[in-house]
Structures are given as structure tokens and as C-alpha cells.
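File shown here: structure_13.txt, holding compact mmCIF, C-alpha atoms and all ligand atoms.
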# COMPACT_ATOMS: atom_id res chain seq x y z
CA MET A 1 51.98 -93.49 143.16
CA LEU A 2 49.57 -95.34 145.42
CA MET A 3 45.93 -94.47 144.90
CA LYS A 4 43.85 -93.42 147.91
CA CYS A 5 40.42 -94.83 148.77
CA ARG A 6 37.62 -92.68 147.32
CA HIS A 7 35.76 -92.91 150.61
CA CYS A 8 38.26 -92.93 153.49
CA ALA A 9 41.50 -91.80 151.75
CA HIS A 10 43.40 -94.83 153.11
CA PRO A 11 46.15 -95.91 150.64
CA LEU A 12 44.96 -98.82 148.45
CA HIS A 13 47.50 -101.63 148.73
CA HIS A 14 45.41 -104.58 147.54
CA ASN A 15 44.24 -105.68 144.12
CA PHE A 16 40.85 -107.30 143.67
CA ILE A 17 41.21 -107.99 139.96
CA ASP A 18 43.29 -106.82 137.03
CA LEU A 19 41.50 -107.17 133.69
CA GLY A 20 44.33 -105.56 131.73
CA PHE A 21 43.31 -102.85 129.29
CA ALA A 22 39.89 -102.46 127.69
CA PRO A 23 37.95 -99.90 125.69
CA PRO A 24 34.87 -98.35 127.39
CA SER A 25 32.25 -101.09 127.32
CA ASN A 26 29.53 -98.94 125.76
CA ALA A 27 31.78 -97.50 123.02
CA TYR A 28 30.09 -99.37 120.15
CA LEU A 29 31.87 -98.67 116.88
CA THR A 30 30.61 -97.75 113.42
CA LYS A 31 32.12 -99.31 110.31
CA GLU A 32 34.13 -96.11 109.69
CA GLN A 33 35.54 -96.17 113.23
CA LEU A 34 37.01 -99.63 112.60
CA HIS A 35 39.67 -97.84 110.54
CA GLN A 36 40.58 -95.46 113.36
CA PRO A 37 42.66 -95.99 116.50
CA GLU A 38 40.68 -97.18 119.51
CA LYS A 39 41.23 -95.95 123.08
CA TYR A 40 42.00 -98.54 125.75
CA PHE A 41 42.03 -97.81 129.47
CA PRO A 42 43.41 -99.89 132.35
CA LEU A 43 40.69 -101.91 134.06
CA ARG A 44 41.94 -102.67 137.56
CA VAL A 45 39.92 -102.92 140.74
CA LYS A 46 41.27 -102.40 144.25
CA VAL A 47 39.86 -103.07 147.69
CA CYS A 48 40.26 -100.78 150.70
CA GLU A 49 41.14 -102.82 153.78
CA HIS A 50 39.95 -99.97 155.99
CA CYS A 51 36.34 -99.34 154.79
CA TRP A 52 36.07 -102.29 152.32
CA LEU A 53 35.03 -100.12 149.40
CA VAL A 54 35.91 -102.03 146.22
CA GLN A 55 36.79 -99.49 143.53
CA THR A 56 38.30 -99.08 140.07
CA GLU A 57 41.79 -97.69 139.91
CA ASP A 58 42.12 -94.08 138.74
CA TYR A 59 43.59 -93.55 135.33
CA ALA A 60 44.34 -90.55 133.16
CA ALA A 61 41.67 -89.12 130.87
CA ALA A 62 38.76 -90.71 132.70
CA ASP A 63 36.66 -87.77 131.60
CA THR A 64 36.88 -88.82 127.96
CA LEU A 65 35.15 -92.06 128.86
CA PHE A 66 31.67 -90.63 128.81
CA ASP A 67 32.20 -88.75 125.61
CA GLN A 68 30.16 -91.35 123.77
CA HIS A 69 27.03 -91.03 121.70
CA TYR A 70 25.53 -94.20 123.02
CA ALA A 71 22.82 -93.99 125.69
CA TYR A 72 20.99 -96.78 127.41
CA PHE A 73 17.20 -96.41 127.55
CA SER A 74 15.84 -98.22 130.61
CA SER A 75 12.33 -98.59 129.17
CA ILE A 76 13.63 -101.00 126.54
CA SER A 77 13.48 -103.78 129.16
CA LYS A 78 9.96 -104.93 130.00
CA GLY A 79 11.18 -106.65 133.16
CA TRP A 80 12.75 -103.43 134.38
CA LEU A 81 9.51 -101.45 133.71
CA ALA A 82 7.54 -103.97 135.78
CA HIS A 83 10.15 -103.77 138.56
CA ALA A 84 9.81 -99.95 138.64
CA GLN A 85 6.03 -100.09 138.72
CA SER A 86 5.83 -102.52 141.62
CA TYR A 87 8.42 -100.44 143.51
CA CYS A 88 6.26 -97.30 143.06
CA ASP A 89 3.16 -99.12 144.34
CA GLU A 90 5.16 -100.29 147.36
CA VAL A 91 6.62 -96.89 148.32
CA GLU A 92 3.30 -95.11 147.79
CA LYS A 93 1.79 -97.28 150.54
CA LYS A 94 4.83 -97.70 152.78
CA LEU A 95 5.73 -93.98 152.86
CA SER A 96 2.12 -92.68 152.49
CA LEU A 97 3.00 -90.61 149.43
CA ASP A 98 0.29 -88.33 147.98
CA HIS A 99 -0.19 -85.13 145.96
CA GLU A 100 1.57 -83.13 148.71
CA SER A 101 4.71 -85.26 148.69
CA PHE A 102 7.84 -84.61 146.64
CA VAL A 103 9.82 -87.41 145.05
CA VAL A 104 13.23 -86.97 143.41
CA GLU A 105 14.90 -89.63 141.29
CA VAL A 106 18.62 -89.29 140.63
CA ALA A 107 19.59 -90.75 137.22
CA SER A 108 15.95 -90.81 136.12
CA ASN A 109 16.94 -92.01 132.64
CA ASP A 110 14.00 -92.05 130.20
CA GLY A 111 11.32 -91.79 132.91
CA TYR A 112 10.89 -95.58 133.20
CA LEU A 113 10.11 -95.11 136.94
CA LEU A 114 8.79 -91.57 137.47
CA ARG A 115 6.05 -92.13 134.85
CA ASN A 116 4.35 -94.13 137.63
CA MET A 117 4.59 -91.18 140.05
CA VAL A 118 3.07 -88.87 137.42
CA ALA A 119 0.22 -91.39 136.94
CA LYS A 120 -0.35 -91.33 140.72
CA SER A 121 -0.31 -87.48 140.75
CA ILE A 122 2.67 -87.50 143.14
CA PRO A 123 4.86 -84.42 142.43
CA CYS A 124 8.31 -85.47 141.26
CA LEU A 125 11.56 -84.34 139.69
CA GLY A 126 14.04 -86.36 137.68
CA ILE A 127 17.75 -85.53 137.62
CA GLU A 128 19.48 -86.86 134.52
CA PRO A 129 22.64 -85.63 132.78
CA THR A 130 22.08 -87.53 129.51
CA GLU A 131 20.03 -85.27 127.22
CA SER A 132 18.66 -87.98 124.92
CA THR A 133 17.06 -89.97 127.75
CA ALA A 134 15.96 -86.84 129.66
CA GLY A 135 14.13 -85.68 126.52
CA VAL A 136 12.10 -88.89 126.39
CA ALA A 137 11.13 -88.47 130.06
CA ARG A 138 10.01 -84.87 129.48
CA SER A 139 7.79 -86.02 126.62
CA LEU A 140 6.01 -88.22 129.20
CA GLY A 141 5.24 -85.14 131.31
CA ILE A 142 8.02 -85.71 133.85
CA PRO A 143 9.96 -82.60 135.00
CA VAL A 144 13.67 -83.33 134.48
CA LEU A 145 16.73 -81.31 135.43
CA SER A 146 19.73 -82.02 133.19
CA ALA A 147 22.59 -82.19 135.68
CA PHE A 148 24.98 -84.41 137.62
CA PHE A 149 23.88 -84.91 141.21
CA GLY A 150 26.08 -83.98 144.17
CA GLU A 151 26.20 -81.75 147.23
CA ALA A 152 26.35 -78.47 145.28
CA LEU A 153 23.24 -79.31 143.25
CA ALA A 154 21.40 -80.53 146.37
CA GLN A 155 22.15 -77.22 148.13
CA LYS A 156 20.86 -75.26 145.13
CA LEU A 157 17.67 -77.34 144.95
CA THR A 158 17.11 -76.93 148.70
CA ARG A 159 17.50 -73.14 148.45
CA GLU A 160 15.06 -72.91 145.56
CA GLY A 161 12.40 -75.47 146.42
CA PRO A 162 11.16 -78.12 148.82
CA GLN A 163 13.26 -80.93 150.22
CA ALA A 164 12.32 -84.45 149.16
CA ASP A 165 10.11 -86.94 151.01
CA LEU A 166 11.69 -89.68 148.94
CA ILE A 167 14.94 -89.75 146.96
CA ILE A 168 15.39 -92.71 144.60
CA GLY A 169 18.74 -93.81 143.20
CA ASN A 170 18.58 -96.95 141.08
CA ASN A 171 21.88 -98.18 139.65
CA VAL A 172 23.60 -94.85 140.10
CA LEU A 173 25.60 -95.19 143.34
CA ALA A 174 28.14 -97.54 141.74
CA HIS A 175 28.54 -95.15 138.79
CA VAL A 176 29.47 -91.96 140.66
CA PRO A 177 33.18 -91.10 140.87
CA ASP A 178 32.80 -89.04 144.10
CA ILE A 179 30.63 -91.26 146.26
CA ASN A 180 31.11 -89.07 149.39
CA ASP A 181 29.88 -85.94 147.62
CA PHE A 182 26.92 -87.87 146.20
CA CYS A 183 25.87 -89.15 149.64
CA ARG A 184 26.25 -85.71 151.24
CA GLY A 185 23.97 -84.45 148.47
CA LEU A 186 21.36 -87.05 149.41
CA ALA A 187 21.47 -85.90 153.06
CA THR A 188 21.15 -82.23 152.05
CA LEU A 189 18.15 -82.77 149.78
CA LEU A 190 16.28 -85.10 152.16
CA LYS A 191 13.44 -83.64 154.25
CA PRO A 192 13.53 -84.47 158.00
CA GLY A 193 11.57 -87.74 158.25
CA GLY A 194 12.10 -88.50 154.56
CA ALA A 195 13.44 -91.69 153.02
CA ILE A 196 16.07 -92.67 150.46
CA THR A 197 16.15 -95.92 148.50
CA LEU A 198 19.28 -96.97 146.63
CA GLU A 199 19.56 -100.05 144.43
CA PHE A 200 22.93 -101.43 143.36
CA PRO A 201 24.39 -104.79 142.31
CA HIS A 202 25.56 -106.61 145.43
CA LEU A 203 29.29 -107.29 145.81
CA LEU A 204 28.40 -110.50 147.65
CA GLU A 205 26.81 -111.91 144.46
CA LEU A 206 29.67 -110.67 142.30
CA ILE A 207 32.17 -112.54 144.47
CA SER A 208 30.18 -115.68 145.18
CA LEU A 209 29.14 -116.14 141.52
CA GLY A 210 32.37 -115.00 139.87
CA GLN A 211 30.58 -112.19 138.00
CA PHE A 212 33.78 -110.46 136.92
CA ASP A 213 32.09 -109.50 133.63
CA THR A 214 30.02 -106.92 135.53
CA ILE A 215 33.25 -104.95 136.01
CA TYR A 216 33.70 -102.06 133.60
CA HIS A 217 35.05 -98.54 133.65
CA GLU A 218 31.67 -96.88 134.10
CA HIS A 219 31.34 -98.68 137.45
CA PHE A 220 33.57 -96.87 139.93
CA SER A 221 32.45 -98.92 142.95
CA TYR A 222 31.38 -102.49 143.73
CA LEU A 223 29.25 -102.25 146.82
CA SER A 224 28.51 -104.24 149.94
CA LEU A 225 25.97 -103.24 152.57
CA ARG A 226 28.87 -102.81 154.96
CA ALA A 227 30.66 -100.25 152.78
CA VAL A 228 27.44 -98.41 151.85
CA SER A 229 26.38 -98.18 155.53
CA THR A 230 29.78 -96.71 156.42
CA ILE A 231 29.68 -94.17 153.58
CA LEU A 232 26.09 -93.12 154.33
CA ALA A 233 26.89 -92.79 158.04
CA SER A 234 29.72 -90.38 157.31
CA ALA A 235 27.18 -88.26 155.37
CA GLY A 236 24.78 -88.21 158.36
CA LEU A 237 22.48 -90.96 157.10
CA LYS A 238 21.59 -94.39 158.45
CA VAL A 239 20.33 -97.59 156.84
CA TRP A 240 17.01 -98.73 158.36
CA ASN A 241 16.13 -101.58 156.01
CA VAL A 242 17.49 -103.65 153.15
CA ASP A 243 15.82 -105.88 150.54
CA CYS A 244 17.43 -108.50 148.31
CA LEU A 245 16.43 -108.17 144.65
CA SER A 246 17.04 -110.49 141.72
CA THR A 247 17.85 -107.63 139.30
CA HIS A 248 21.29 -107.42 137.65
CA GLY A 249 22.33 -110.83 138.96
CA GLY A 250 21.52 -109.96 142.58
CA SER A 251 21.06 -106.43 143.91
CA LEU A 252 20.35 -104.76 147.22
CA ARG A 253 17.77 -102.08 147.84
CA VAL A 254 18.93 -100.05 150.81
CA TRP A 255 16.45 -97.85 152.71
CA ALA A 256 18.12 -94.88 154.41
CA CYS A 257 17.06 -91.85 156.46
CA HIS A 258 18.68 -89.10 158.52
CA ALA A 259 20.88 -90.50 161.31
CA ASN A 260 18.68 -88.81 163.96
CA ASP A 261 15.44 -90.27 162.51
CA HIS A 262 13.37 -92.30 164.98
CA ARG A 263 12.62 -95.17 162.60
CA ALA A 264 13.43 -98.58 164.04
CA VAL A 265 16.20 -100.42 162.21
CA SER A 266 14.93 -103.67 160.66
CA ALA A 267 16.55 -106.99 161.63
CA ASN A 268 17.21 -107.44 157.89
CA VAL A 269 20.14 -105.04 158.22
CA ALA A 270 22.00 -107.05 160.85
CA HIS A 271 21.22 -110.30 158.98
CA MET A 272 22.69 -109.03 155.74
CA LEU A 273 25.79 -107.62 157.45
CA GLU A 274 26.28 -111.02 159.03
CA ARG A 275 25.86 -112.82 155.68
CA GLU A 276 28.50 -110.54 154.20
CA ALA A 277 30.86 -111.22 157.12
CA LEU A 278 30.34 -114.99 156.80
CA ALA A 279 31.10 -114.77 153.07
CA GLY A 280 34.43 -113.16 153.99
CA LEU A 281 33.78 -109.64 152.69
CA GLY A 282 35.75 -108.30 155.64
CA SER A 283 38.79 -110.44 154.91
CA LEU A 284 41.54 -109.71 152.38
CA ALA A 285 41.93 -113.43 151.60
CA THR A 286 38.46 -113.45 149.96
CA TYR A 287 39.46 -110.69 147.55
CA ALA A 288 42.86 -112.19 146.82
CA THR A 289 41.40 -115.34 145.19
CA PHE A 290 39.03 -113.60 142.78
CA GLN A 291 41.50 -113.17 139.93
CA GLN A 292 42.00 -116.93 139.73
CA ARG A 293 38.24 -117.45 139.51
CA ALA A 294 37.94 -115.01 136.66
CA ASP A 295 40.86 -116.63 134.85
CA ASN A 296 39.24 -120.06 135.14
CA ILE A 297 36.00 -118.74 133.61
CA LYS A 298 37.94 -117.07 130.79
CA ASN A 299 39.96 -120.22 130.06
CA GLU A 300 36.89 -122.46 130.04
CA LEU A 301 35.15 -120.20 127.55
CA LEU A 302 38.17 -120.11 125.26
CA SER A 303 38.59 -123.91 125.34
CA TYR A 304 34.91 -124.35 124.54
CA LEU A 305 34.96 -121.91 121.61
CA LEU A 306 38.14 -123.48 120.18
CA GLU A 307 36.65 -126.94 120.45
CA GLN A 308 33.45 -125.89 118.64
CA LYS A 309 35.58 -124.33 115.91
CA ARG A 310 37.61 -127.54 115.55
CA GLN A 311 34.41 -129.54 115.21
CA GLY A 312 33.08 -127.15 112.57
CA ARG A 313 30.12 -126.07 114.66
CA THR A 314 28.68 -122.53 114.32
CA VAL A 315 28.59 -120.43 117.48
CA VAL A 316 26.97 -117.00 117.67
CA ALA A 317 26.46 -114.71 120.65
CA TYR A 318 23.27 -113.07 121.87
CA GLY A 319 23.09 -109.70 123.69
CA ALA A 320 25.57 -106.90 122.95
CA ALA A 321 25.60 -105.89 126.62
CA ALA A 322 28.42 -104.22 128.52
CA LYS A 323 29.16 -107.40 130.49
CA GLY A 324 29.71 -109.32 127.26
CA ASN A 325 32.34 -106.80 126.26
CA THR A 326 34.29 -107.23 129.48
CA LEU A 327 34.26 -111.02 129.06
CA LEU A 328 35.14 -111.11 125.35
CA ASN A 329 37.89 -108.50 125.65
CA TYR A 330 39.48 -110.15 128.67
CA ALA A 331 39.35 -113.51 126.89
CA GLY A 332 40.61 -112.00 123.62
CA VAL A 333 37.73 -113.46 121.60
CA LYS A 334 37.52 -112.08 118.06
CA PRO A 335 35.18 -112.70 115.07
CA ASP A 336 37.11 -115.85 114.03
CA LEU A 337 35.67 -117.60 117.09
CA LEU A 338 32.42 -115.64 117.36
CA PRO A 339 31.39 -114.25 113.95
CA TYR A 340 28.58 -111.99 115.23
CA VAL A 341 26.35 -111.05 118.14
CA CYS A 342 22.59 -110.58 117.87
CA ASP A 343 20.86 -107.76 119.72
CA ALA A 344 17.26 -106.53 119.65
CA ALA A 345 18.21 -102.84 120.12
CA PRO A 346 18.10 -101.10 116.72
CA SER A 347 20.56 -98.48 118.06
CA LYS A 348 23.27 -101.18 118.25
CA GLN A 349 22.55 -103.10 115.05
CA GLY A 350 25.05 -102.43 112.25
CA LYS A 351 27.70 -101.45 114.79
CA TYR A 352 30.63 -103.42 116.24
CA LEU A 353 31.54 -104.42 119.77
CA PRO A 354 34.39 -102.29 121.18
CA GLY A 355 37.73 -104.07 121.27
CA SER A 356 36.68 -107.40 119.75
CA HIS A 357 35.08 -105.72 116.67
CA ILE A 358 32.44 -108.45 116.50
CA PRO A 359 29.56 -107.20 114.31
CA ILE A 360 26.11 -106.66 115.90
CA VAL A 361 23.13 -107.86 113.85
CA ALA A 362 19.35 -108.10 114.29
CA PRO A 363 18.16 -111.38 115.87
CA ASP A 364 16.12 -112.16 112.70
CA VAL A 365 19.20 -113.73 111.11
CA LEU A 366 19.04 -116.62 113.57
CA ALA A 367 16.01 -118.05 111.76
CA ASP A 368 18.11 -118.34 108.57
CA VAL A 369 21.41 -119.39 110.11
CA LEU A 370 20.11 -121.90 112.70
CA PRO A 371 23.43 -121.95 114.61
CA ASP A 372 24.64 -124.99 116.57
CA VAL A 373 25.28 -122.87 119.67
CA VAL A 374 24.01 -119.53 121.00
CA LEU A 375 26.27 -118.04 123.69
CA ILE A 376 24.05 -115.81 125.86
CA LEU A 377 26.27 -112.97 127.12
CA PRO A 378 23.79 -111.21 129.49
CA TRP A 379 23.31 -114.31 131.69
CA ASN A 380 20.97 -112.35 133.97
CA ILE A 381 18.24 -112.45 131.28
CA LYS A 382 18.96 -115.97 129.95
CA ALA A 383 15.41 -117.23 130.64
CA GLU A 384 13.91 -114.32 128.67
CA VAL A 385 16.33 -114.89 125.77
CA MET A 386 15.77 -118.65 125.62
CA GLN A 387 12.04 -118.11 125.53
CA GLN A 388 12.34 -115.62 122.67
CA LEU A 389 14.55 -118.06 120.76
CA SER A 390 12.64 -121.23 121.64
CA PHE A 391 12.25 -122.06 117.90
CA LEU A 392 16.01 -122.76 117.84
CA ARG A 393 15.69 -125.39 120.54
CA GLU A 394 13.47 -127.39 118.18
CA VAL A 395 16.20 -127.52 115.53
CA GLY A 396 18.80 -128.67 118.06
CA THR A 397 20.58 -125.40 118.93
CA SER A 398 22.33 -125.41 122.34
CA PHE A 399 22.21 -122.39 124.63
CA VAL A 400 25.34 -121.67 126.63
CA THR A 401 26.37 -119.20 129.34
CA ALA A 402 29.97 -118.60 130.49
CA VAL A 403 29.49 -117.13 134.00
CA PRO A 404 29.73 -118.36 136.80
CA MET A 405 30.99 -121.39 134.81
CA LEU A 406 30.58 -122.66 131.30
CA GLU A 407 27.15 -124.25 131.21
CA VAL A 408 25.09 -125.78 128.42
CA LEU A 409 21.52 -124.85 129.42
ZN ZN A 501 38.47 -96.87 152.33

Once more with this new file: its structure as C-alpha cells, please.
Ligand SMILES: [Zn+2]
Amino acid sequence: MLMKCRHCAHPLHHNFIDLGFAPPSNAYLTKEQLHQPEKYFPLRVKVCEHCWLVQTEDYAAADTLFDQHYAYFSSISKGWLAHAQSYCDEVEKKLSLDHESFVVEVASNDGYLLRNMVAKSIPCLGIEPTESTAGVARSLGIPVLSAFFGEALAQKLTREGPQADLIIGNNVLAHVPDINDFCRGLATLLKPGGAITLEFPHLLELISLGQFDTIYHEHFSYLSLRAVSTILASAGLKVWNVDCLSTHGGSLRVWACHANDHRAVSANVAHMLEREALAGLGSLATYATFQQRADNIKNELLSYLLEQKRQGRTVVAYGAAAKGNTLLNYAGVKPDLLPYVCDAAPSKQGKYLPGSHIPIVAPDVLADVLPDVVLILPWNIKAEVMQQLSFLREVGTSFVTAVPMLEVL
């Protein structure tokens, strides 16, 4: 049966990429779980030729995907905390926010962002379904509602309290299964004259830099400005500005408001839509060649790892991030080629990567092992990682990334 587009219901005839089957990328395993069966789900992405929404294919039992005990705490990344703080300073000025305003953040995580609003005495509310992260935010004095956001919740909030002057959605739009319902919710909760900002990894970067490892089940959509503008418009919202950000390998921050708002639309919007058109995001041929790109990256990595093994050189990985799991599972890399991965998060240490079953250890071991090569899986933070591990450079260790091409740094 042909799947229908989650936005426009047009039948989806065209594949973007097929990564076979993979376990959920955040399903880190304990030692005991290594003796149990592991669930794999199809990981296929389609493109809608009608509205150009790039989306994962539906599969059975999607609801079991989030039945995991692992939660990501945003505050663990210092760079991300700084990003959130400078954003809050910017919106405070740009939107003239004060103690009479009301700010809502959807997917507020551990309060990494709203802590700044609390410090500025700007009334706010976080919406966050994951209890463990919501609890941390509450301990910082941030009011948090434990719920999934959508039109029904927005209607309830609007009945019971004020509408929002600002709604923030950072790295949530790509994660929602029903993107239409989510956007209608934004329109319902937004005060007349209010603003919405949404940040998401940009499809243009994914395609131009071959970032196929950013594809995983938890991401339902891969978004362009063109598709997001179309989806917001059908919910009664319009995009009035867009910023390019360096986060997550290249993201967009879209500024939206009610369609009847009098704000002038920035020239940035037309420029970005044109860049997307020039890059071929409105042409099926662009999408049709992506699989080959991903396969080339996978094959290069495998050849490199096999060659190191032949030469008796030790290779270890750094960063047990979701994108590493997509890459390693698609490439079929197992502990014989990559004996372990180092990660600074204590919650991951002692566990195993899903699928590949590569053990996760604390980075301290690197000082004893002094490997010949460190493969940095989260390429978006390679500078930060290389700085932390600069002592290895002095003993001759090479740092390598696999995406967009195999590169010795
Ligand atoms: Zn569509």
C-alpha cells in the first residue's frame, strides 16, 4: 500500500533513501540486553513531489519506538547553552518582551533555554513530555506541563490562560509525527501580533553535505524552508524572517506569525527559497541521487577501517551519538573493526550501541590506550572534541570523520 504524504496526503511515489533496517538510534543496550532479541525497524525516507516534504516511511509499531529509558539532556552541551542564552537576549530586545509577556517553549527539555527567561523575569511555560528532563527544569523554577503539543492541547491552554507572545520550538518540528496538527496548535496558542520561532536542521545542508547519518526513526521529517512555509501557511501562519544557524550541521531558524499580521516579510525569506530552488530541492532528480552519495560514504568508511585493521593500527570512535548509530549500522561496522566508542555522558558509559553492540566507555581510557586513530562520529562537534583530546595529537593519533567524505583532520 502506498503511503500518503503527512502534510498534503498526496501518494508518495519517490524514495529519497533506503537505509534498510535499524534499531532506534537512542536504544542503548545494557549488558543483560545483549542476550535478548533486538527490535529493528525499516528506515526509509520518501519525498512528496507535491509539497516537497521529505518524510520517513510509516511502519508498524512506531509507538514502541519511544518506549525507551534514555533521555537526552540539552544542558549537557555547553555550546547549546550559549546558543540558547544569546537567542533569549535577542528575542527579549527584538520582540520587546517583559514581565507582562508570556513565552511558551514546546519541547522545553531540561530548561536549558527557559532558565534565561526566568532570570529575566519573563513569565514562561515549558511543554515537555519526558518526565526526567521536565523534572530538572522544574527544579530550576520553570513551570512545565508534561504533555505532547498539538491542536487539542493548544485549545485547552487558550481556554484556561493567556495566549503566547512568543512560542519557541527548537528541534521539535522534525520530530512530530503529525506536523499539520502541531502547526495548527501553534496558530491556536499564538496571541494576535505574537511571534513563533522554529529551529530545525536544514534539508539543504543534509543534501549538499551528504549528511545521511542525521536520518533516524525519531526524525519524521527533513525540512526545507519551502516545505515549512507551505505547512505553516495551511495552518494560517506566515514566515516573516529566516536565519541560518551553524547548529546541528546547519539549521534554519524560521520566524512566523499569523497570516494576517502586518509585519513586513524580510528579503531573507525570498533569498533562502531561491537558494533552495537553485540547489534543486524542487526537482526529483536531486533526491534520486542521494542514495548513491550515502553508499559512497559508507563504502569509503568500510575500506578505511579494513585497511587500518590490516595494518594492525588501533581505531576507536568518539561520541555515542544518534548519527553515529545510523552510520555504523548502515555500514555494518561491529566491534571487530571498532572495539569501543568513548563518550563523556555517564548515562551512556557501560552500555552498548544499538545494533552494532560496540561498548561505550569513558574517554579517560584514551590516555592509556593512545590509539592510532580516533573516528569522530558527531562531526558537527569535531573542533570541540579535537580540542578536548589535543594530548593525543602530540603522540601521533589521527582524527578522522566519515561525513561528508572520509577525511583525516
Ligand atoms: Zn505532500

Among listed residues A:Gly355, A:Gly194, A:Gly169, A:Gly135, nearest A:Leu34 (using all atoms listed in the file): A:Gly355

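Pairwise distance (atom CA of A:Asp110, atom CA of A:Asn170) equals 12.8 Å.
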
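Within the 10 Å cut-off around A:Gly20, using only C-alpha atoms and omitting residues fewer than 2 positions from it on the same chain, the listed residues are Ile17, Asp18, Ala22, Tyr40, Phe41, Pro42, Leu43, Arg44, Asn329 and Tyr330 of chain A.
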
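Using all atoms listed in the file, the nearest neighbour of ligand ZN 501 (chain A) within the list A:Lys31, A:Lys382, A:His50, A:Lys238 is A:His50.
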
Within-6 Å residues of ligand ZN 501 (chain A), basis all atoms listed in the file, as a PyMOL selection string: chain A and resi 5+7-10+48+50-53

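Closest approach to A:Glu218 among A:Asn299, A:Gln308, A:Ser266, A:Asn171: A:Asn171, based on all atoms listed in the file.
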
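Every protein or nucleic acid residue with an atom no more than 9 Å from A:Cys88, counting only C-alpha atoms and leaving out same-chain residues fewer than 3 positions away, appears here: A:His83, A:Ala84, A:Gln85, A:Val91, A:Glu92, A:Lys93, A:Leu113, A:Leu114, A:Asn116, A:Met117.
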
Straight-line distance linking atom CA of A:Tyr287 with atom CA of A:Arg275, stated in Å to one decimal: 16.0 Å

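The interatomic distance for the pair atom CA of A:Ser121 and atom CA of A:Gly193 works out to 21.2 Å.
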
Non-local contacts of A:Tyr112 (8 Å; only C-alpha atoms; under 2 positions in same chain excluded) as a VMD selection string: chain A and resid 74 to 75 81 84 108 to 110 114 to 115 137

Protein and nucleic acid residues near (40.0, -109.6, 123.0) (cut-off 12 Å, only C-alpha atoms) as a count of residues only: 29

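Point (23.3, -124.5, 118.8) has the following residues at most 9 Å away: Arg313, Thr314, Val315, Val316, Leu370, Pro371, Asp372, Val373, Val374, Leu375, Leu392, Arg393, Val395, Gly396, Thr397, Ser398, Phe399 and Val400 of chain A (atoms considered: all atoms listed in the file).
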
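Proximity of A:Ala195, A:Phe220, A:Tyr352, A:Pro123 to A:Gln33, computed with only C-alpha atoms, is greatest for A:Tyr352.
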